[in-house]
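Enquirer: Have a look at this one before I ask anything.
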Amino acid sequence: MFIPPFDSTTYSTYTQSPNPSWSYGQRVDSTPSGKDWVAGESAGWKVYNTAELDKVNLRKLLNSGIAPRPIAFVSTISEEGIENLAPFSWFNTVTTYPPIISFGCNKNPVGGLKDTEVNLKNSQGFSVNIVSEPFIESSNATAIDAPPGFDEWSISGLTKAKCVQIRASRVKESAFSMECELYKSIDITHPVTGEHTSTLILAHVRYIHVRKDMLTQRGVIDLTKFKPVARAGDISYMRVGDAFRIASPTWAQDKAKIQEALDEAKIPEALATLSLL
């Protein structure tokens with residue numbers, strides 16, 4: 001199969017949403033693209049019982065279906081001063097106040113704890129760095145199943161930068177890095193076998209390092225410059241394509257529109273509830 005080279009000249013831009021004229025209660029198949037999407041339902045659904053799937057196929061299915069997933073590029077340091085660098089794609093924000101982020105850390109291939117998990121529990125802090133297109137290969141290289149105690153920085157080609165509070169380094173090439181302290185770690189055990197398979201890490205973000213050229217006048221990250229990379233299924237990564245903006249609805253502004261949509265749809269239960277609000 002021919003795979004074309006990566007096009008580094010392509011940039012994200014902002015566009016309208018797929019259906020900017022959408023209104024409350026509008027059916028998905030009311031637009032040509034929506035109609036094509038719904039037509040796929042004719043093929044039916046395949047239902048998987050997770051208890052009957054082996055570990056490998058379950059992982060493949062979840063990784064390909066829950067996508068795109070942002071990447072936490074985690075830098076830690078051992079008590080002996082050996083630094084570690086590794087990417088994790090089960091990652092996201094939990095809350096912004098206090099600033100808590102999370103990522104899942106699976107056991108290593110032989111069933112032991114990964115260096116990342118061991119190190120981040122030593123109270124020396126760790127950094128979580130966001131990966132952008134120009135150094136995705138460097139990040140991917142650090143996912144290697146190296147023996148315990150190996151310093152992945154040495155093969156990454158990336159640059160260590162000092163942090164404000166923590167001993168671990170941050171990735172200088174990352175345009176968005178967070179200095180973190182362990183907030184809580186939660187062992188994930190299989191509900192049937194009791195096997196400890198993974199650990200959920202909750203991290204308290206203490207300092208955020210943002211490259212100035214990434215900031216807009218509103219003080220947020222410019223996605224078109226940031227070029228973050230995400231994980232998909234198997235060995236696939238994803239770049240950010242065009243983005244679109246949709247305003248969050250508010251009840252005060254949209255109650256009348258909702259009333260109109262429910263009247264037209266003639267949904268008595270919803271209308272009865274709305275009359276009480």
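By order of appearance in the structure tokens: chains A, B, ..., then residues from 1 within every chain, and ligands from 1 in the order shown.
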Could you pull the residues within 9 Å of A:Val28, counting only C-alpha atoms, minus those fewer than 5 positions along the same chain, as a list in words?
Expert: Ser33, Gly34, Lys35, Trp37 and Val38 of chain A
Enquirer: Take the residues that were just selected and, keeping C-alpha atoms, output them as a compact mmCIF listing (two decimals), in the first residue's frame.
Expert:
# COMPACT_ATOMS: atom_id res chain seq x y z
CA SER A 33 -24.16 14.30 4.83
CA GLY A 34 -26.39 13.27 7.72
CA LYS A 35 -28.52 11.16 5.40
CA TRP A 37 -24.31 8.77 7.76
CA VAL A 38 -27.63 7.33 8.87
Enquirer: Write out as a ChimeraX atom specification which residues come within 12 Å of stretch 146-152 of chain A when counting only C-alpha atoms, dropping same-chain ones fewer than 3 positions away.
Expert: /A:73-87,108-110,112-119,138-143,155-160
Enquirer: Record the distance separating atom CA of A:Tyr24 and atom CA of A:Ala265, expressed in Å with one decimal.
Expert: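 Atom CA of A:Ala265 lies at a distance of 10.1 Å from atom CA of A:Tyr24.
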Enquirer: Go through A:Ile136, A:Leu53, A:Ile235, A:Met178 and flag the residue nearest A:Thr93, using only C-alpha atoms for the distances.
Expert: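 Between A:Ile136, A:Leu53, A:Ile235, A:Met178, the residue approaching A:Thr93 most closely is A:Met178.
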Enquirer: Give me every strand (DSSP E) residue in stretch 44-94 of chain A, going by DSSP on the backbone, as a list in words.
Expert: Arg69, Pro70, Ala72, Phe73, Val74, Ser75, Thr76, Ile77, Glu83, Asn84, Leu85, Ala86, Pro87, Phe88, Phe91, Asn92, Thr93 and Val94 of chain A
Enquirer: Give me, as a VMD selection string, all polymer residues having an atom no more than 12 Å from A:Pro228, counting only C-alpha atoms and skipping those fewer than 3 positions away in the same chain.
Expert: chain A and resid 11 to 12 68 to 73 129 to 136 174 to 176 214 221 to 225 231 237 to 241
Enquirer: Keeping only C-alpha atoms, write those residues as a tab-separated table (two decimals), in the first residue's frame.
Expert:
chain	number	residue	atom	x	y	z
A	11	TYR	CA	-2.24	24.08	8.19
A	12	SER	CA	-5.41	23.94	10.23
A	68	PRO	CA	-8.54	10.97	18.82
A	69	ARG	CA	-6.79	10.79	22.20
A	70	PRO	CA	-4.40	13.53	23.33
A	71	ILE	CA	-0.92	12.46	24.37
A	72	ALA	CA	0.61	13.09	27.79
A	73	PHE	CA	4.37	13.13	27.29
A	129	ASN	CA	4.24	17.90	27.94
A	130	ILE	CA	1.99	18.19	24.90
A	131	VAL	CA	3.32	16.69	21.67
A	132	SER	CA	3.25	18.67	18.41
A	133	GLU	CA	3.88	17.51	14.84
A	134	PRO	CA	7.57	18.51	14.52
A	135	PHE	CA	8.70	16.05	17.22
A	136	ILE	CA	6.18	13.22	17.09
A	174	SER	CA	6.99	21.28	23.74
A	175	ALA	CA	5.03	24.52	23.42
A	176	PHE	CA	2.83	23.60	26.40
A	214	MET	CA	1.37	30.10	20.58
A	221	ILE	CA	-3.56	28.59	22.56
A	222	ASP	CA	-3.72	29.10	18.79
A	223	LEU	CA	-4.54	25.63	17.49
A	224	THR	CA	-3.29	26.43	13.99
A	225	LYS	CA	0.21	27.12	15.37
A	231	ARG	CA	-3.36	8.83	19.02
A	237	TYR	CA	-1.46	9.00	14.98
A	238	MET	CA	-3.67	11.91	13.99
A	239	ARG	CA	-3.05	15.56	13.25
A	240	VAL	CA	-5.60	18.30	13.88
A	241	GLY	CA	-7.60	19.15	10.78
Enquirer: If you run DSSP on the backbone, which residues of stretch 113-174 of chain A are alpha helix (DSSP H), as a PyMOL selection string?
Expert: chain A and resi 115-120+136-141+153-156
Enquirer: Counting only C-alpha atoms, which residue out of A:Arg245, A:His190, A:Lys184, A:Lys172 sits closest to A:Val210?
Expert: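 The answer is A:Lys172, which sits nearest to A:Val210.
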Enquirer: What is the atom CA of A:Asp36-atom CA of A:Ser23 distance in Å, reported with one decimal?
Expert: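 Computing the Euclidean distance for atom CA of A:Asp36 and atom CA of A:Ser23 yields 19.4 Å.
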Enquirer: Could you please determine the separation between atom CA of A:Pro18 and atom CA of A:Asn63 in Å, to one decimal place?
Expert: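 Atom CA of A:Pro18 sits 25.5 Å away from atom CA of A:Asn63.
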